[in-house]
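*Asks:* Here it is, the structure in full.
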Amino acid sequence: MALKVRKNKSPSPPNNCPLTECMAVIGGAWTPNILWALKGGARRFSELRLDIPHVSAKMLTTRLRELEDRFIIFREVKPTSPPSVEYSLTGFGKELMPAIEAIANVGHKIKLKRESLESRQEELAS
């Protein structure tokens, strides 16, 4: 006997759903890492490469351009010789930080839970 499909009790998302819009911004590979690195203040490209060691230069460039296009980060060319570029969070970028921090906190708890379970399993196997 097939199970009856239950009605979804969640409200329908509005047209041009803001959740979808926000997730499109923070859902990209390396994006949360970039935002995390910028939460402490402006960083140059080379500093971001050091902050996020596994990201390629091409991917970092792509993500920085996307975040700039979406008004999440600000790119400022400094009048130095040679010119340098700094990236910083815009007002929208700063507004995203509590969400990024909350996700990081839950991720930390999940990691601790997994490690605890793995430790117990190793003890039982011994």
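Identifiers for the structure tokens are assigned positionally: chains receive A, B, ... in sequence, residues are indexed from 1 per chain, and ligands are indexed from 1 in the order shown.
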I'd like the contact shell of segment 57-69 of chain A - 10 Å cut-off, only C-alpha atoms, skipping same-chain residues fewer than 6 positions apart - returned as a ChimeraX atom specification.

*Replies:* /A:25-26,28-31,34-35,45-46,48-49,75,87-90,93

*Asks:* Fewer than 3 positions away in the same chain doesn't count, so skip those; otherwise give me all residues within 8 Å of Glu86 of chain A, counting only C-alpha atoms, as a PDB file with C-alpha atoms, in the first residue's frame.

*Replies:*
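What follows is the written file result.pdb:
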ATOM      1  CA  ALA A  42      39.941  44.601   4.452  1.00  0.00           C
ATOM      2  CA  ARG A  43      42.274  42.053   2.833  1.00  0.00           C
ATOM      3  CA  ARG A  44      44.360  42.052  -0.327  1.00  0.00           C
ATOM      4  CA  PHE A  45      44.158  39.188  -2.826  1.00  0.00           C
ATOM      5  CA  ARG A  75      36.821  46.287  -4.283  1.00  0.00           C
ATOM      6  CA  GLU A  76      39.036  49.307  -3.770  1.00  0.00           C
ATOM      7  CA  VAL A  77      42.112  50.082  -5.859  1.00  0.00           C
ATOM      8  CA  LYS A  78      44.631  51.843  -3.620  1.00  0.00           C
TER       9      LYS A  78
END

*Asks:* Out of segment 77-121 of chain A, which residues get alpha helix (DSSP H) from DSSP, as a ChimeraX atom specification?

*Replies:* /A:91-121

*Asks:* Could you check the closest approach to Cys22 of chain A for each of A:Arg70, A:Arg120, A:Arg114, A:Lys4 and tell me which residue wins, using only C-alpha atoms?

*Replies:* A:Arg70
